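Q: What follows is query-v5.cif, mmCIF, C-alpha atoms.
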data_work
#
loop_
_atom_site.label_atom_id
_atom_site.label_comp_id
_atom_site.auth_asym_id
_atom_site.auth_seq_id
_atom_site.Cartn_x
_atom_site.Cartn_y
_atom_site.Cartn_z
CA MET A 1 -104.26 -104.74 41.60
CA SER A 2 -103.52 -102.54 44.62
CA HIS A 3 -100.73 -100.91 42.58
CA ASP A 4 -103.36 -99.86 40.03
CA LEU A 5 -105.49 -98.43 42.82
CA ASP A 6 -102.50 -96.48 44.13
CA LEU A 7 -101.89 -95.01 40.68
CA ALA A 8 -105.56 -94.15 40.27
CA SER A 9 -105.75 -92.45 43.64
CA GLY A 10 -102.49 -90.63 42.90
CA GLU A 11 -103.96 -89.36 39.64
CA ARG A 12 -107.12 -88.22 41.44
CA GLU A 13 -104.99 -86.33 43.96
CA LYS A 14 -103.06 -84.66 41.13
CA ARG A 15 -106.30 -83.60 39.45
CA GLN A 16 -107.41 -82.00 42.69
CA ASP A 17 -104.17 -80.00 43.02
CA SER A 18 -104.40 -76.34 42.17
CA VAL A 19 -102.77 -74.99 39.03
CA PRO A 20 -100.01 -73.17 40.98
CA GLU A 21 -99.14 -76.41 42.77
CA LEU A 22 -98.99 -78.28 39.45
CA VAL A 23 -96.80 -75.57 37.93
CA LYS A 24 -94.53 -75.69 40.97
CA GLU A 25 -94.22 -79.47 40.66
CA LEU A 26 -93.58 -79.26 36.93
CA THR A 27 -90.90 -76.60 37.49
CA ARG A 28 -89.22 -78.78 40.11
CA ASP A 29 -89.30 -81.80 37.77
CA ILE A 30 -87.87 -79.80 34.87
CA SER A 31 -85.11 -78.40 37.09
CA GLU A 32 -84.15 -81.92 38.11
CA LEU A 33 -84.15 -83.05 34.47
CA VAL A 34 -81.92 -80.14 33.48
CA ARG A 35 -79.44 -80.99 36.24
CA GLN A 36 -79.38 -84.63 35.13
CA GLU A 37 -78.89 -83.66 31.48
CA ILE A 38 -76.01 -81.35 32.37
CA GLU A 39 -74.33 -84.17 34.28
CA LEU A 40 -74.83 -86.55 31.36
CA ALA A 41 -73.43 -83.98 28.92
CA ARG A 42 -70.39 -83.45 31.15
CA ALA A 43 -69.67 -87.19 31.26
CA GLU A 44 -70.15 -87.56 27.51
CA VAL A 45 -67.86 -84.63 26.64
CA THR A 46 -65.18 -86.04 28.94
CA GLU A 47 -65.41 -89.40 27.19
CA LYS A 48 -65.13 -87.80 23.75
CA GLY A 49 -62.24 -85.64 24.91
CA LYS A 50 -60.28 -88.72 25.96
CA LYS A 51 -60.83 -90.31 22.54
CA ALA A 52 -59.81 -87.12 20.74
CA GLY A 53 -56.71 -86.97 22.93
CA LEU A 54 -55.72 -90.41 21.67
CA GLY A 55 -55.91 -89.24 18.04
CA VAL A 56 -53.97 -86.07 18.80
CA GLY A 57 -51.36 -88.10 20.68
CA MET A 58 -50.91 -90.42 17.69
CA PHE A 59 -50.55 -87.43 15.40
CA GLY A 60 -47.97 -85.80 17.68
CA GLY A 61 -46.10 -89.07 18.18
CA ALA A 62 -45.85 -89.54 14.43
CA ALA A 63 -44.36 -86.07 14.07
CA VAL A 64 -41.79 -86.60 16.84
CA LEU A 65 -40.70 -89.98 15.53
CA GLY A 66 -40.51 -88.60 12.03
CA MET A 67 -38.15 -85.83 13.13
CA ALA A 68 -36.02 -88.20 15.22
CA VAL A 69 -35.23 -90.58 12.36
CA VAL A 70 -35.33 -88.24 9.42
CA GLY A 71 -31.76 -86.99 9.68
CA GLY A 72 -29.94 -90.28 9.94
CA SER A 73 -32.10 -92.36 7.66
CA MET A 74 -32.30 -89.66 5.02
CA ALA A 75 -28.53 -89.33 4.93
CA THR A 76 -28.14 -93.11 4.68
CA ILE A 77 -30.56 -93.40 1.78
CA ILE A 78 -28.96 -90.50 -0.07
CA ILE A 79 -25.48 -92.06 0.35
CA LEU A 80 -26.73 -95.43 -0.93
CA LEU A 81 -28.52 -93.91 -3.93
CA ASP A 82 -25.47 -91.77 -4.69
CA LEU A 83 -23.63 -94.99 -5.54
CA VAL A 84 -25.87 -95.51 -8.59
CA MET A 85 -27.06 -91.98 -9.56
CA PRO A 86 -26.13 -88.30 -9.24
CA LEU A 87 -26.26 -86.85 -5.72
CA TRP A 88 -28.97 -84.29 -6.58
CA LEU A 89 -31.28 -87.05 -7.89
CA ALA A 90 -30.63 -89.22 -4.83
CA SER A 91 -31.55 -86.27 -2.59
CA LEU A 92 -34.71 -85.52 -4.60
CA ILE A 93 -35.96 -89.11 -4.52
CA THR A 94 -35.31 -89.39 -0.80
CA THR A 95 -37.14 -86.12 -0.09
CA VAL A 96 -40.18 -87.22 -2.12
CA LEU A 97 -40.33 -90.56 -0.27
CA TYR A 98 -40.20 -88.84 3.11
CA ALA A 99 -42.86 -86.33 2.06
CA ALA A 100 -45.16 -89.19 1.04
CA ALA A 101 -44.65 -90.96 4.36
CA ALA A 102 -45.38 -87.75 6.28
CA GLY A 103 -48.54 -87.25 4.23
CA LEU A 104 -49.77 -90.75 5.06
CA LEU A 105 -49.20 -90.19 8.78
CA ALA A 106 -51.05 -86.88 8.64
CA LEU A 107 -54.02 -88.55 6.90
CA ARG A 108 -54.10 -91.31 9.52
CA GLY A 109 -54.10 -88.76 12.35
CA ARG A 110 -56.88 -86.79 10.67
CA ASP A 111 -58.97 -89.97 10.31
CA GLU A 112 -58.58 -90.71 14.02
CA LEU A 113 -59.82 -87.22 14.86
CA LYS A 114 -62.76 -87.52 12.44
CA GLU A 115 -63.73 -90.83 14.03
CA THR A 116 -64.13 -89.05 17.33
CA GLY A 117 -66.81 -86.88 15.78
CA ALA A 118 -68.11 -83.49 16.81
CA PRO A 119 -67.81 -82.65 20.50
CA ILE A 120 -71.60 -82.81 20.81
CA PRO A 121 -72.86 -85.12 23.55
CA GLU A 122 -75.16 -87.24 21.37
CA ARG A 123 -76.73 -89.28 24.18
CA THR A 124 -77.53 -86.10 26.09
CA LYS A 125 -79.00 -84.51 22.97
CA GLN A 126 -81.31 -87.51 22.50
CA SER A 127 -82.21 -87.58 26.18
CA VAL A 128 -83.11 -83.87 26.15
CA LYS A 129 -85.41 -84.49 23.17
CA GLU A 130 -87.11 -87.28 25.12
CA ASP A 131 -87.42 -85.05 28.19
CA ILE A 132 -89.03 -82.28 26.15
CA GLN A 133 -91.49 -84.75 24.70
CA TRP A 134 -92.23 -86.08 28.20
CA ALA A 135 -92.82 -82.56 29.53
CA LYS A 136 -95.14 -81.74 26.62
CA THR A 137 -97.11 -84.95 27.15
CA ARG A 138 -97.36 -84.29 30.87
CA ALA A 139 -98.49 -80.70 30.35
CA GLN A 140 -101.13 -81.82 27.85
CA SER A 141 -102.45 -84.51 30.19
CA LYS A 142 -102.82 -81.98 33.02
CA ASP A 143 -104.83 -79.70 30.72
CA ARG A 144 -107.47 -82.41 30.34
#
Rewrite the coordinates I just gave you, this time as structure tokens.

A:
Amino acid sequence: MSHDLDLASGEREKRQDSVPELVKELTRDISELVRQEIELARAEVTEKGKKAGLGVGMFGGAAVLGMAVVGGSMATIIILLDLVMPLWLASLITTVLYAAAAGLLALRGRDELKETGAPIPERTKQSVKEDIQWAKTRAQSKDR
């Protein structure tokens, strides 16, 4: 009950404040909100950057591993296939198989990067919308 009285007296005091004082208070509140939103955006972008780094790392790792094994394994496959078919055909088949494997790895890396999404801090975006709505509501209630 006394909490309700405190709120009521606080509202009466606010209604007695002059317009410049109310504008000053609103400006201070908005400045604080902007600082908080910037901090939230910074944290969110950092989090998304780490996730994107994981996808890029997988993509790069796939490329490095592919280059490391391509020479030896490709030669081995060509030699084995050469036992049952012409050398040119063995080389062509081996090249097509390696191209398909590289394509699959590239698609997997792309999917990881897509999963990360746009580098837009979604929580901050939503919070800013809520803050704008709060400020509008507060400004309208002070007009009354």

Q: With only C-alpha atoms as the atoms that count, which of A:Ala99, A:Val19, A:Ile30, A:Leu104 lies nearest to Gln133 (chain A)?

A: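 Of all the options, A:Ile30 lies closest to Gln133 (chain A).
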
Q: Find the distance between CA of Gly109 (chain A) and CA of Phe59 (chain A) and write it in Å to one decimal.

A: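 Here the two named atoms are 4.9 Å from each other.
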
Q: Give me the result of the PyMOL selection byres ((chain A and resi 33) around 12) on this file, residue by residue, as a compact mmCIF listing (two decimals) with C-alpha atoms, in the coordinates of the input.

A:
# COMPACT_ATOMS: atom_id res chain seq x y z
CA LEU A 26 -93.58 -79.26 36.93
CA THR A 27 -90.90 -76.60 37.49
CA ARG A 28 -89.22 -78.78 40.11
CA ASP A 29 -89.30 -81.80 37.77
CA ILE A 30 -87.87 -79.80 34.87
CA SER A 31 -85.11 -78.40 37.09
CA GLU A 32 -84.15 -81.92 38.11
CA VAL A 34 -81.92 -80.14 33.48
CA ARG A 35 -79.44 -80.99 36.24
CA GLN A 36 -79.38 -84.63 35.13
CA GLU A 37 -78.89 -83.66 31.48
CA ILE A 38 -76.01 -81.35 32.37
CA GLU A 39 -74.33 -84.17 34.28
CA LEU A 40 -74.83 -86.55 31.36
CA THR A 124 -77.53 -86.10 26.09
CA SER A 127 -82.21 -87.58 26.18
CA VAL A 128 -83.11 -83.87 26.15
CA LYS A 129 -85.41 -84.49 23.17
CA GLU A 130 -87.11 -87.28 25.12
CA ASP A 131 -87.42 -85.05 28.19
CA ILE A 132 -89.03 -82.28 26.15
CA TRP A 134 -92.23 -86.08 28.20
CA ALA A 135 -92.82 -82.56 29.53

Q: Applying 9 Å and all atoms listed in the file, which residues near Ala75 (chain A) remain after dropping the ones on its own chain fewer than 5 positions away? List them as a PyMOL selection string.

A: chain A and resi 70+80+91+94

Q: If you measure from CA of Leu65 (chain A) to CA of Arg108 (chain A), what distance in Å do you get, rounded to one decimal?

A: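 Taking CA of Leu65 (chain A) and CA of Arg108 (chain A), their separation equals 14.7 Å.
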
Q: For Ile77 (chain A), which residue out of A:Leu54, A:Arg138, A:Glu47, A:Leu97 is the nearest one, using only C-alpha atoms?

A: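 Checking each candidate against Ile77 (chain A), we get A:Leu97 as the closest.
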